[in-house]
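Everything below belongs to upload13.cif, which stores mmCIF, C-alpha atoms.
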data_protein
loop_
_atom_site.label_atom_id
_atom_site.label_comp_id
_atom_site.auth_asym_id
_atom_site.auth_seq_id
_atom_site.Cartn_x
_atom_site.Cartn_y
_atom_site.Cartn_z
CA MET A 9 0.00 0.00 0.00
CA THR A 10 1.41 3.40 -0.96
CA ASP A 11 1.67 5.90 1.89
CA ASN A 12 0.90 9.62 1.61
CA HIS A 13 4.55 10.53 2.05
CA THR A 14 5.50 8.62 -1.13
CA VAL A 15 2.69 10.33 -3.05
CA GLU A 16 3.86 13.76 -1.93
CA LEU A 17 7.46 12.99 -2.93
CA ALA A 18 6.23 11.76 -6.34
CA LYS A 19 4.29 15.00 -6.88
CA GLN A 20 7.49 16.92 -6.15
CA GLY A 21 9.35 14.95 -8.84
CA ASP A 22 11.25 12.41 -6.73
CA ASP A 23 12.23 9.69 -9.24
CA LEU A 24 12.40 6.86 -6.69
CA ALA A 25 8.98 7.76 -5.32
CA ILE A 26 7.47 7.84 -8.82
CA ALA A 27 8.99 4.44 -9.62
CA ASN A 28 7.72 2.94 -6.35
CA LEU A 29 4.28 4.42 -6.95
CA ILE A 30 4.10 2.85 -10.42
CA GLU A 31 5.36 -0.56 -9.25
CA ASP A 32 2.81 -0.59 -6.41
CA SER A 33 0.02 -0.06 -8.94
CA LEU A 34 1.16 -3.05 -11.03
CA GLU A 35 0.74 -6.75 -10.30
CA GLN A 36 3.60 -8.95 -11.52
CA GLU A 37 5.45 -6.48 -13.71
CA LYS A 38 8.67 -4.89 -12.46
CA ILE A 39 10.50 -1.78 -13.66
CA ALA A 40 13.70 -2.97 -15.34
CA LYS A 41 14.78 0.50 -16.41
CA TYR A 42 13.63 3.96 -15.37
CA GLU A 43 14.66 7.23 -16.95
CA ARG A 44 13.18 10.75 -16.78
CA LYS A 45 14.44 13.50 -19.02
CA ASP A 46 12.71 16.88 -18.91
CA ASN A 47 8.99 16.03 -18.90
CA CYS A 48 9.34 12.62 -20.56
CA LEU A 49 9.34 9.43 -18.50
CA LYS A 50 10.71 6.23 -20.05
CA LEU A 51 9.91 2.86 -18.45
CA VAL A 52 10.99 -0.65 -19.36
CA LEU A 53 8.68 -3.21 -17.72
CA GLU A 54 9.57 -6.87 -17.30
CA ALA A 55 7.55 -9.94 -16.37
CA GLU A 56 7.74 -13.72 -16.74
CA LYS A 57 4.82 -13.49 -19.14
CA LEU A 58 4.78 -10.73 -21.72
CA PRO A 59 3.13 -7.69 -20.06
CA GLU A 60 -0.35 -6.85 -21.33
CA GLN A 61 0.13 -3.63 -23.22
CA GLN A 62 -3.25 -1.92 -23.02
CA LYS A 63 -3.98 -2.91 -19.43
CA ILE A 64 -0.61 -1.72 -18.11
CA ALA A 65 -0.73 1.46 -20.18
CA ALA A 66 -4.11 2.36 -18.68
CA ILE A 67 -2.91 1.69 -15.10
CA ILE A 68 0.27 3.76 -15.47
CA HIS A 69 -1.58 6.57 -17.25
CA LYS A 70 -4.09 6.78 -14.35
CA THR A 71 -1.32 6.59 -11.72
CA ILE A 72 0.60 9.54 -13.18
CA THR A 73 -2.54 11.53 -14.01
CA ASP A 74 -3.77 11.20 -10.40
CA LEU A 75 -0.59 12.92 -9.21
CA GLU A 76 -1.87 16.14 -10.83
CA THR A 77 1.67 17.26 -11.61
CA ASP A 78 3.05 19.05 -14.65
CA LEU A 79 6.49 17.43 -14.18
CA ILE A 80 5.53 14.50 -16.44
CA THR A 81 3.66 15.18 -19.68
CA LYS A 82 4.73 12.15 -21.69
CA ILE A 83 5.40 8.48 -20.90
CA VAL A 84 7.18 6.00 -23.18
CA LEU A 85 6.48 2.38 -22.17
CA TYR A 86 8.41 -0.73 -23.23
CA GLY A 87 7.28 -4.26 -22.39
CA GLN A 88 9.53 -7.31 -22.46
CA LYS A 89 9.92 -10.79 -21.01
CA ILE A 90 12.46 -11.37 -18.26
CA GLY A 91 15.76 -12.46 -19.78
CA GLU A 92 15.06 -10.95 -23.21
CA THR A 93 17.37 -8.28 -24.63
CA PHE A 94 14.86 -6.25 -26.63
CA PRO A 95 11.29 -5.15 -25.80
CA GLU A 96 8.36 -6.84 -27.53
CA TRP A 97 6.24 -3.68 -27.69
CA ASN A 98 6.35 0.03 -26.93
CA GLN A 99 3.72 2.72 -26.50
CA GLU A 100 3.66 6.47 -25.92
CA LEU A 101 1.22 8.06 -23.48
CA GLU A 102 0.34 11.73 -23.31
CA ILE A 103 -0.46 13.06 -19.84
CA GLU A 104 -2.86 15.97 -19.56
CA THR A 105 -1.66 18.07 -16.67
CA VAL A 106 -4.22 19.57 -14.32
CA LYS A 107 -3.28 23.01 -13.08
CA PRO A 108 -5.18 24.73 -10.28
CA GLN A 109 -7.07 27.72 -11.61
CA ALA A 110 -8.60 30.64 -9.81
CA LYS A 111 -12.35 30.97 -9.86
CA THR A 112 -13.63 33.16 -12.64
CA SER A 113 -16.93 34.76 -13.42
CA ASN A 114 -19.65 32.96 -15.30
CA SER A 115 -19.05 35.22 -18.31
CA ASN A 116 -15.46 34.10 -18.55
CA SER A 117 -16.58 30.49 -18.21
CA ASP A 118 -19.14 30.94 -20.96
CA PHE A 119 -16.55 32.58 -23.20
CA SER A 120 -14.18 29.67 -22.60
CA LYS A 121 -16.86 27.14 -23.49
CA LYS A 122 -17.73 29.05 -26.67
CA SER A 123 -14.07 29.26 -27.58
CA ASN A 124 -13.65 25.50 -27.12
CA ARG A 125 -16.71 24.84 -29.26
CA SER A 126 -15.33 27.19 -31.93
CA ASP A 127 -11.95 25.38 -31.94
CA LYS A 128 -13.67 22.00 -32.31
CA SER A 129 -15.80 23.34 -35.13
CA ASN A 130 -12.75 24.68 -37.00
CA LYS A 131 -10.99 21.36 -36.62
CA GLU A 132 -13.99 19.51 -38.02
CA ILE A 133 -14.14 21.91 -41.01
CA ASN A 134 -10.41 21.48 -41.73
CA LYS A 135 -10.78 17.72 -41.47
CA ASN A 136 -13.69 17.70 -43.92
CA GLU A 137 -11.82 19.92 -46.38
CA PHE A 138 -8.81 17.58 -46.24
CA ILE A 139 -10.99 14.52 -46.94
CA GLU A 140 -12.77 16.29 -49.78
CA ALA A 141 -9.41 17.27 -51.31
CA LEU A 142 -8.21 13.67 -51.11
CA GLN A 143 -11.33 12.49 -52.90
CA THR A 144 -10.54 14.71 -55.90
CA PHE A 145 -7.61 12.46 -56.85
CA GLU A 146 -8.11 9.42 -59.05
CA PHE A 147 -6.48 6.28 -57.72
CA LYS A 148 -5.06 5.28 -61.13
CA SER A 149 -3.41 8.67 -61.60
CA VAL A 150 -1.55 8.71 -58.27
CA PHE A 151 -0.84 4.96 -58.26
CA PRO A 152 -0.48 3.82 -61.92
CA TYR A 153 0.17 0.20 -61.04
CA GLN A 154 -1.07 -1.10 -64.39
CA GLN A 155 1.56 0.86 -66.31
CA VAL A 156 4.30 -0.73 -64.21
CA PHE A 157 3.56 -4.01 -66.02
CA ASN A 158 3.33 -2.43 -69.47
CA PRO A 159 5.84 -4.21 -71.81
CA ASP A 160 6.73 -0.86 -73.44
CA LEU A 161 8.35 0.22 -70.18
CA TYR A 162 10.90 -2.59 -70.35
CA ARG A 163 12.00 -1.75 -73.89
CA SER A 164 13.93 1.20 -72.49
CA ASN A 165 17.62 0.40 -71.97
CA LEU A 166 17.76 2.96 -69.17
CA VAL A 167 15.01 1.15 -67.27
CA LYS A 168 16.82 -2.15 -67.75
CA LEU A 169 20.05 -0.64 -66.40
CA LEU A 170 18.26 0.88 -63.41
CA LEU A 171 16.73 -2.48 -62.53
CA CYS A 172 20.00 -4.33 -63.06
CA PHE A 173 22.27 -1.92 -61.18
CA GLY A 174 19.76 -1.37 -58.40
CA LEU A 175 18.69 -4.96 -57.77
CA PHE A 176 21.78 -7.02 -58.55
CA PRO A 177 23.48 -6.39 -55.15
CA LEU A 178 20.21 -7.27 -53.41
CA ALA A 179 20.03 -10.49 -55.42
CA ILE A 180 23.58 -11.25 -54.32
CA SER A 181 22.53 -10.58 -50.73
CA SER A 182 19.67 -13.07 -51.06
CA PHE A 183 21.99 -15.63 -52.61
CA ALA A 184 24.56 -15.08 -49.86
CA SER A 185 22.08 -16.25 -47.25
CA SER A 186 22.17 -19.75 -48.71
CA ASP A 187 25.70 -20.84 -47.79
CA ALA A 188 27.55 -18.98 -50.58
CA SER A 189 31.29 -18.81 -50.03
CA LEU A 190 33.27 -15.58 -49.81
CA GLU A 191 34.87 -16.39 -53.16
CA ASP A 192 31.45 -16.81 -54.81
CA ILE A 193 30.32 -13.43 -53.48
CA ALA A 194 33.57 -11.82 -54.62
CA TRP A 195 33.11 -13.17 -58.15
CA MET A 196 29.56 -11.85 -58.33
CA LEU A 197 30.52 -8.42 -57.03
CA GLY A 198 33.49 -8.28 -59.39
CA ILE A 199 31.24 -9.07 -62.38
CA TYR A 200 28.69 -6.50 -61.18
CA TYR A 201 31.16 -3.61 -61.02
CA ALA A 202 32.88 -4.72 -64.25
CA PHE A 203 29.51 -4.70 -66.00
CA ILE A 204 28.92 -1.10 -64.89
CA TRP A 205 32.32 -0.04 -66.26
CA GLY A 206 31.62 -1.99 -69.44
CA ILE A 207 28.52 0.13 -70.08
CA VAL A 208 30.47 3.33 -69.37
CA LEU A 209 33.35 2.34 -71.66
CA TYR A 210 31.00 1.29 -74.46
CA ASN A 211 29.41 4.75 -74.44
CA LEU A 212 32.84 6.41 -74.19
CA ILE A 213 34.58 4.46 -76.96
CA LYS A 214 31.58 3.84 -79.25
CA PRO A 215 33.16 0.91 -81.14
CA THR A 216 32.17 0.69 -84.80
CA GLN A 217 31.87 -3.09 -84.51
CA PHE A 218 30.26 -4.63 -81.44
CA SER A 219 29.58 -8.24 -80.57
CA LEU A 220 28.44 -9.41 -77.15
CA LYS A 221 29.95 -12.81 -77.90
CA THR A 222 33.39 -11.34 -78.63
CA SER A 223 33.14 -9.13 -75.53
CA LEU A 224 32.49 -12.15 -73.32
CA GLN A 225 35.24 -14.11 -75.08
CA CYS A 226 37.75 -11.38 -74.23
CA VAL A 227 36.56 -11.16 -70.62
CA PHE A 228 36.61 -14.87 -69.87
CA PHE A 229 39.71 -15.68 -71.94
CA THR A 230 41.77 -13.29 -69.82
CA ALA A 231 40.13 -14.23 -66.51
CA LEU A 232 40.30 -18.01 -66.99
CA ILE A 233 43.17 -18.61 -69.43
CA GLY A 234 45.32 -15.51 -69.61
CA ILE A 235 45.90 -15.17 -65.87
CA PRO A 236 46.93 -18.82 -65.28
CA LEU A 237 49.32 -18.43 -68.23
CA LEU A 238 50.63 -15.22 -66.70
CA ILE A 239 51.25 -16.92 -63.35
CA PHE A 240 53.20 -19.67 -65.13
CA VAL A 241 55.39 -17.27 -67.16
CA GLN A 242 56.22 -15.05 -64.20
CA GLN A 243 57.97 -18.03 -62.56
CA ILE A 244 60.42 -18.24 -65.49
CA PRO A 245 63.63 -16.14 -65.66
CA PRO A 246 64.13 -13.28 -66.37
CA PHE A 247 60.56 -12.44 -65.30
CA SER A 248 60.99 -14.25 -61.98
CA PHE A 249 63.94 -11.93 -61.19
CA LEU A 250 61.95 -8.87 -62.25
CA TYR A 251 59.02 -9.88 -60.04
CA ALA A 252 61.43 -10.41 -57.15
CA ALA A 253 62.74 -6.87 -57.70
CA THR A 254 59.31 -5.47 -56.78
CA ASP A 255 60.05 -6.37 -53.15
CA ASN A 256 63.43 -4.58 -53.20
CA SER A 257 63.77 -1.53 -50.94
CA ASN A 258 65.63 0.33 -53.72
CA VAL A 259 63.08 2.36 -55.69
CA ILE A 260 65.03 1.97 -58.97
CA TYR A 261 64.95 -1.85 -58.76
CA ASN A 262 61.35 -1.58 -57.65
CA LEU A 263 60.42 0.53 -60.68
CA MET A 264 62.25 -1.78 -63.12
CA GLY A 265 60.54 -4.83 -61.66
CA TYR A 266 57.10 -3.28 -61.90
CA ILE A 267 57.56 -1.95 -65.45
CA LEU A 268 59.57 -4.74 -67.15
CA GLY A 269 58.05 -7.55 -65.10
CA VAL A 270 54.55 -6.86 -63.85
CA GLY A 271 53.63 -4.17 -66.38
CA VAL A 272 54.86 -5.96 -69.52
CA LEU A 273 53.47 -9.39 -68.64
CA GLU A 274 50.07 -8.17 -67.46
CA GLU A 275 49.52 -5.88 -70.46
CA LEU A 276 50.58 -8.65 -72.85
CA CYS A 277 48.20 -10.99 -71.03
CA LYS A 278 45.30 -8.54 -71.50
CA GLY A 279 46.20 -7.94 -75.16
CA LEU A 280 46.23 -11.64 -76.11
CA PRO A 281 42.48 -12.09 -76.81
CA VAL A 282 42.41 -8.98 -79.00
CA TYR A 283 45.39 -10.28 -80.94
CA PHE A 284 44.05 -13.83 -81.39
CA PHE A 285 40.33 -13.09 -81.85
CA LEU A 286 40.59 -9.95 -84.01
CA LEU A 287 44.01 -9.13 -85.43
CA LYS A 288 45.03 -12.57 -86.68
CA PRO A 289 41.70 -13.28 -88.42
CA GLY A 290 41.96 -9.85 -90.07
CA LYS A 291 38.76 -8.45 -88.57
CA LEU A 292 40.19 -5.03 -87.68
CA GLU A 293 39.82 -1.90 -89.79
CA GLU A 294 40.10 0.86 -87.18
CA PRO A 295 41.39 1.24 -83.58
CA LEU A 296 38.20 1.97 -81.64
CA THR A 297 36.80 -1.56 -81.83
CA PRO A 298 39.99 -3.28 -80.51
CA ALA A 299 40.29 -0.51 -77.89
CA PHE A 300 36.86 -1.53 -76.61
CA TYR A 301 37.58 -5.27 -76.67
CA GLY A 302 40.93 -4.61 -75.03
CA SER A 303 39.15 -2.78 -72.23
CA MET A 304 36.79 -5.76 -71.86
CA SER A 305 39.82 -8.01 -71.50
CA GLY A 306 41.14 -5.61 -68.87
CA LEU A 307 37.88 -5.91 -66.95
CA GLY A 308 38.17 -9.71 -67.07
CA PHE A 309 41.66 -9.40 -65.62
CA ALA A 310 40.40 -7.02 -62.91
CA ILE A 311 37.55 -9.37 -61.92
CA ALA A 312 39.90 -12.30 -61.29
CA GLU A 313 42.48 -10.11 -59.57
CA GLY A 314 39.78 -8.49 -57.44
CA VAL A 315 38.55 -11.88 -56.24
CA HIS A 316 42.11 -12.92 -55.36
CA TYR A 317 42.88 -9.77 -53.37
CA SER A 318 39.49 -9.62 -51.67
CA LEU A 319 40.19 -13.03 -50.14
CA ILE A 320 43.59 -11.75 -48.97
CA TYR A 321 41.98 -8.63 -47.44
CA ALA A 322 39.33 -10.75 -45.70
CA ALA A 323 42.01 -13.00 -44.21
CA GLY A 324 43.98 -9.94 -43.10
CA PHE A 325 40.90 -8.53 -41.43
CA SER A 326 40.20 -11.86 -39.68
CA PHE A 327 43.74 -12.04 -38.29
CA GLY A 328 43.83 -8.38 -37.31
CA SER A 329 46.49 -7.18 -39.75
CA ILE A 330 43.86 -5.00 -41.48
CA ASP A 331 41.33 -2.96 -39.52
CA ALA A 332 37.68 -2.54 -40.54
CA SER A 333 38.14 0.82 -42.27
CA GLY A 334 41.19 -0.44 -44.16
CA HIS A 335 39.33 -3.56 -45.26
CA ILE A 336 36.40 -1.53 -46.63
CA LEU A 337 38.69 0.96 -48.39
CA LEU A 338 40.97 -1.65 -49.99
CA THR A 339 38.05 -3.76 -51.18
CA THR A 340 36.28 -0.71 -52.62
CA VAL A 341 39.38 0.40 -54.53
CA ARG A 342 39.99 -3.14 -55.80
CA PHE A 343 36.42 -3.65 -57.05
CA ILE A 344 35.55 -0.15 -58.28
CA SER A 345 38.57 2.00 -59.20
CA LEU A 346 41.18 -0.51 -60.36
CA PRO A 347 38.92 -2.35 -62.85
CA LEU A 348 38.56 0.89 -64.79
CA ILE A 349 42.34 1.45 -64.75
CA HIS A 350 43.07 -2.10 -65.94
CA ALA A 351 40.49 -1.56 -68.69
CA ILE A 352 42.12 1.75 -69.69
CA TRP A 353 45.64 0.27 -69.93
CA ALA A 354 44.35 -2.76 -71.86
CA GLY A 355 42.30 -0.40 -74.05
CA ILE A 356 45.50 1.46 -75.02
CA VAL A 357 47.13 -1.83 -76.06
CA GLY A 358 43.98 -2.75 -78.03
CA TYR A 359 44.01 0.69 -79.68
CA PHE A 360 47.55 0.19 -80.94
CA ILE A 361 46.70 -3.32 -82.13
CA GLY A 362 43.99 -1.66 -84.22
CA LEU A 363 46.53 0.81 -85.63
CA ALA A 364 48.80 -2.15 -86.45
CA ALA A 365 46.00 -3.65 -88.54
CA ILE A 366 45.84 -0.44 -90.60
CA ASN A 367 49.61 -0.21 -90.97
CA PRO A 368 50.79 -3.87 -91.25
CA SER A 369 54.24 -2.90 -92.53
CA ARG A 370 54.96 -1.51 -89.04
CA LYS A 371 52.74 -3.94 -87.14
CA ASN A 372 55.24 -5.19 -84.58
CA PRO A 373 56.74 -1.75 -83.72
CA ILE A 374 53.23 -0.30 -83.30
CA ILE A 375 52.15 -3.11 -80.94
CA PHE A 376 55.46 -2.72 -79.09
CA ILE A 377 54.74 1.00 -78.55
CA GLY A 378 51.23 0.29 -77.22
CA VAL A 379 52.43 -2.37 -74.79
CA ALA A 380 55.37 -0.18 -73.70
CA ILE A 381 53.13 2.82 -72.95
CA SER A 382 50.68 0.75 -70.89
CA ALA A 383 53.48 -1.16 -69.12
CA ILE A 384 55.24 2.07 -68.12
CA LEU A 385 52.02 3.62 -66.79
CA HIS A 386 51.20 0.38 -64.99
CA GLY A 387 54.67 0.02 -63.48
CA VAL A 388 54.95 3.62 -62.32
CA TYR A 389 51.54 3.40 -60.66
CA ASP A 390 52.40 0.15 -58.85
CA THR A 391 55.68 1.65 -57.62
CA PHE A 392 54.04 4.77 -56.20
CA ALA A 393 50.52 3.43 -55.55
CA SER A 394 50.49 4.55 -51.91
CA SER A 395 51.37 8.18 -52.70
CA GLU A 396 49.90 11.11 -54.62
CA ILE A 397 52.07 10.15 -57.61
CA GLY A 398 49.97 7.02 -58.06
CA VAL A 399 46.75 9.04 -58.27
CA ILE A 400 48.36 11.42 -60.79
CA VAL A 401 49.45 8.47 -62.96
CA LEU A 402 45.91 7.06 -62.94
CA ALA A 403 44.39 10.41 -63.87
CA PHE A 404 46.96 10.80 -66.68
CA SER A 405 46.17 7.27 -67.93
CA ILE A 406 42.46 8.04 -68.22
CA LEU A 407 43.05 11.36 -69.96
CA LEU A 408 45.60 9.83 -72.35
CA PHE A 409 43.13 7.10 -73.32
CA VAL A 410 40.41 9.68 -74.00
CA THR A 411 42.92 11.67 -76.08
CA TYR A 412 43.65 8.57 -78.20
CA LEU A 413 39.93 8.11 -78.79
CA ARG A 414 39.42 11.73 -79.80
CA SER A 415 42.40 11.74 -82.18
CA SER A 416 41.63 8.35 -83.75
CA LYS A 417 40.75 9.82 -87.19
CA GLU A 418 44.08 11.66 -87.44
CA MET A 419 46.03 8.57 -86.39
CA ILE A 420 44.12 6.38 -88.87
CA ARG A 421 44.94 8.85 -91.65
CA GLU A 422 48.61 8.89 -90.67
CA MET A 423 48.83 5.08 -90.63
CA GLN A 424 47.05 4.79 -93.98
CA GLN A 425 49.32 7.35 -95.61
CA PHE A 426 52.46 5.62 -94.38
CA GLU A 427 51.16 2.23 -95.58
CA GLU A 428 50.35 3.63 -99.02
CA LYS A 429 53.85 5.09 -99.36
CA TYR A 430 55.37 1.83 -98.21
CA GLN A 431 53.37 -0.19 -100.76
CA LYS A 432 54.37 2.21 -103.56
CA SER A 433 58.04 1.95 -102.58
CA ILE A 434 57.89 -1.85 -102.88
CA PHE A 435 56.43 -1.79 -106.34
#
File written out as structure tokens:
Amino acid sequence: MTDNHTVELAKQGDDLAIANLIEDSLEQEKIAKYERKDNCLKLVLEAEKLPEQQKIAAIIHKTITDLETDLITKIVLYGQKIGETFPEWNQELEIETVKPQAKTSNSNSDFSKKSNRSDKSNKEINKNEFIEALQTFEFKSVFPYQQVFNPDLYRSNLVKLLLCFGLFPLAISSFASSDASLEDIAWMLGIYYAFIWGIVLYNLIKPTQFSLKTSLQCVFFTALIGIPLLIFVQQIPPFSFLYAATDNSNVIYNLMGYILGVGVLEELCKGLPVYFFLLKPGKLEEPLTPAFYGSMSGLGFAIAEGVHYSLIYAAGFSFGSIDASGHILLTTVRFISLPLIHAIWAGIVGYFIGLAAINPSRKNPIIFIGVAISAILHGVYDTFASSEIGVIVLAFSILLFVTYLRSSKEMIREMQQFEEKYQKSIF
């Protein structure tokens, strides 16, 4: 039974008294947590059986209202079972405070009653106007659900891309819940980001000849055949010595190893499908098409490399050698930024392979120049990847590639003129 002293303390705002007063009004429920901030009281109630929400809310509302205090104007209730971590339900209660008022004349009382009636009337009018305004809308106009299933909508490439780019990660998330390995997820994410860059590069390069089949051949040839071949060759001298030089503390040896070893082999690896699928069969007539297919080969390389390094980063995070922020940053760079750069360097090699097709009398020197340019850019970036120089090299690589694309007509004309002179000199 609550004594008068506790009630008086509760009216004065004593937290312990308020808590005791509430607990005394309840049956089996206990206050697990009590907090009062300003005029808001928060209570977490526990019981062996889940507390009955409406019944308890009514009891607590009456208990606080009977105090006739303006110290509590709002109550937030949480109900949970004993031993549970999170509440099962929550409810907010507004407390109307009762303030003592001096006696007023009947005229004032009448005016107050009229004012209250007027306020209620205005509220009813506003409510009716709002409902009438809602009724002026047609359901089909504000919710055109039938048009969502209109086949014409799905003929738009932009709509297809929005659906693909927006939903593909969610589809991966659903797949991941069914025992997918980290490697499987990495492959899917790598393909997702590569596909985005593929769309961007297609619109940037605008190849005169496009084949989805050839694009996929270049991607998968490099990812599944080119890289294993690359790993085999890099074990053979002198490339094994050049790869070893990348771990040397001397920056000169480091640079040589990255350019002559890593850069040369990787750019040759990415250029192979363009050479075998397009140049040898004589399918090339200009440089933009092989530049595009070269970039697709570069994306295939980046997908496989991204999977490999993502597993390394995950292991480093598990063992504590990489913190959470470092893991997120490295994985993001590996899946998003570096695929574009690999595609750009491979696109440069493909571009020069296309020029070699126009000027066959200088075929080998032209291909050599393309591989050399990409290998140097690649090697310099790898050497200084952790500094501002690396970012500058990447920016220069992108701008150089765009410059090649924009000047393709002039370079085609130059190659054709040289080839014509060469043919005349022979005959």
Residue IDs satisfying the PyMOL selection byres ((chain A and resi 401) around 9), as a ChimeraX atom specification: /A:385-386,388-389,392,396-400,402-406
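If all atoms listed in the file are the atoms counted, then among A:Ile90, A:Leu24, A:Cys226, A:Ile377 the closest residue to Tyr42 (chain A) is A:Leu24.
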Explicit residue set for the PyMOL selection byres ((chain A and resi 353-369) around 6), as a list of chain:residue names: A:Lys278, A:Glu294, A:Pro295, A:Pro298, A:Ala299, A:Gly302, A:Ser303, A:Gly306, A:His350, A:Ala351, A:Ile352, A:Arg370, A:Lys371, A:Ile374, A:Ile375, A:Gly378, A:Val379, A:Ser382, A:Met423, A:Glu427
Taking the file as shown, what set of residues would the PyMOL selection byres ((chain A and resi 219) around 12) give back, as a compact mmCIF listing (two decimals) with C-alpha atoms, keeping the file's coordinate frame?
# COMPACT_ATOMS: atom_id res chain seq x y z
CA TYR A 210 31.00 1.29 -74.46
CA PRO A 215 33.16 0.91 -81.14
CA THR A 216 32.17 0.69 -84.80
CA GLN A 217 31.87 -3.09 -84.51
CA PHE A 218 30.26 -4.63 -81.44
CA LEU A 220 28.44 -9.41 -77.15
CA LYS A 221 29.95 -12.81 -77.90
CA THR A 222 33.39 -11.34 -78.63
CA SER A 223 33.14 -9.13 -75.53
CA LEU A 224 32.49 -12.15 -73.32
CA GLN A 225 35.24 -14.11 -75.08
CA CYS A 226 37.75 -11.38 -74.23
CA PHE A 285 40.33 -13.09 -81.85
CA LEU A 286 40.59 -9.95 -84.01
CA THR A 297 36.80 -1.56 -81.83
CA PRO A 298 39.99 -3.28 -80.51
CA PHE A 300 36.86 -1.53 -76.61
CA TYR A 301 37.58 -5.27 -76.67
CA MET A 304 36.79 -5.76 -71.86
Selection: 10 Å around Tyr86 (chain A), all atoms listed in the file, excl. self and same-chain fewer than 4 positions, as a ChimeraX atom specification: /A:39-41,50-54,59,61,65,94-100
Distance in Å - CA of Gln88 (chain A) versus CA of Arg44 (chain A): 19.3 Å
Two-atom distance - CA of His335 (chain A), CA of Phe203 (chain A) (Å): 23.0 Å
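Separating CA of Phe309 (chain A) from CA of Leu296 (chain A) is a distance of 19.9 Å.
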Nearest residue to Ala393 (chain A) from the set A:Ile239, A:Ala253, A:Leu346, A:Val150 (distances using all atoms listed in the file): A:Leu346
Nearest-residue call for Ile233 (chain A), choices A:Gly198, A:Pro245, A:Gly308, A:Pro159, using only C-alpha atoms: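 The shortest atom-to-atom distance to Ile233 (chain A) comes from A:Gly308.
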Pick from A:Ile139, A:Asp187, A:Phe376, A:Phe173 nearest to Val272 (chain A), counting only C-alpha atoms: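 Once distances to Val272 (chain A) are computed over only C-alpha atoms, the minimum belongs to A:Phe376.
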Residue nearest His316 (chain A) - candidates A:Ser164, A:Thr339, A:Ser329, A:Ser257, atoms counted: only C-alpha atoms: A:Thr339
Pick from A:Leu79, A:Leu166, A:Ile72, A:Leu232, whichever lies nearest to Leu29 (chain A) using all atoms listed in the file: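 Comparing A:Leu79, A:Leu166, A:Ile72, A:Leu232 against Leu29 (chain A), the winner is A:Ile72.
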Since the input is missing atoms, can you rebuild N, CA, C and O atoms for region 36-45 of chain A and write them as a JSON list (two decimals), in the coordinates of the input?
[["chain", "number", "residue", "atom", "x", "y", "z"],
["A", 36, "GLN", "N", 2.38, -8.15, -11.44],
["A", 36, "GLN", "CA", 3.60, -8.95, -11.52],
["A", 36, "GLN", "C", 4.76, -8.21, -12.21],
["A", 36, "GLN", "O", 5.90, -8.60, -12.10],
["A", 37, "GLU", "N", 4.43, -7.17, -12.93],
["A", 37, "GLU", "CA", 5.45, -6.48, -13.71],
["A", 37, "GLU", "C", 6.39, -5.68, -12.80],
["A", 37, "GLU", "O", 5.97, -5.11, -11.80],
["A", 38, "LYS", "N", 7.66, -5.65, -13.18],
["A", 38, "LYS", "CA", 8.67, -4.89, -12.46],
["A", 38, "LYS", "C", 9.32, -3.89, -13.41],
["A", 38, "LYS", "O", 9.40, -4.10, -14.62],
["A", 39, "ILE", "N", 9.82, -2.80, -12.86],
["A", 39, "ILE", "CA", 10.50, -1.78, -13.66],
["A", 39, "ILE", "C", 11.96, -2.21, -13.84],
["A", 39, "ILE", "O", 12.73, -2.24, -12.87],
["A", 40, "ALA", "N", 12.32, -2.56, -15.06],
["A", 40, "ALA", "CA", 13.70, -2.97, -15.34],
["A", 40, "ALA", "C", 14.60, -1.77, -15.60],
["A", 40, "ALA", "O", 15.79, -1.79, -15.31],
["A", 41, "LYS", "N", 14.01, -0.70, -16.13],
["A", 41, "LYS", "CA", 14.78, 0.50, -16.41],
["A", 41, "LYS", "C", 13.87, 1.71, -16.27],
["A", 41, "LYS", "O", 12.73, 1.70, -16.71],
["A", 42, "TYR", "N", 14.41, 2.75, -15.63],
["A", 42, "TYR", "CA", 13.63, 3.96, -15.37],
["A", 42, "TYR", "C", 14.49, 5.16, -15.77],
["A", 42, "TYR", "O", 15.65, 5.26, -15.38],
["A", 43, "GLU", "N", 13.89, 6.05, -16.54],
["A", 43, "GLU", "CA", 14.66, 7.23, -16.95],
["A", 43, "GLU", "C", 13.68, 8.39, -17.17],
["A", 43, "GLU", "O", 12.66, 8.25, -17.82],
["A", 44, "ARG", "N", 14.01, 9.55, -16.58],
["A", 44, "ARG", "CA", 13.18, 10.75, -16.78],
["A", 44, "ARG", "C", 14.06, 11.88, -17.27],
["A", 44, "ARG", "O", 15.06, 12.23, -16.64],
["A", 45, "LYS", "N", 13.70, 12.38, -18.44],
["A", 45, "LYS", "CA", 14.44, 13.50, -19.02],
["A", 45, "LYS", "C", 13.45, 14.59, -19.37],
["A", 45, "LYS", "O", 12.52, 14.39, -20.15]]
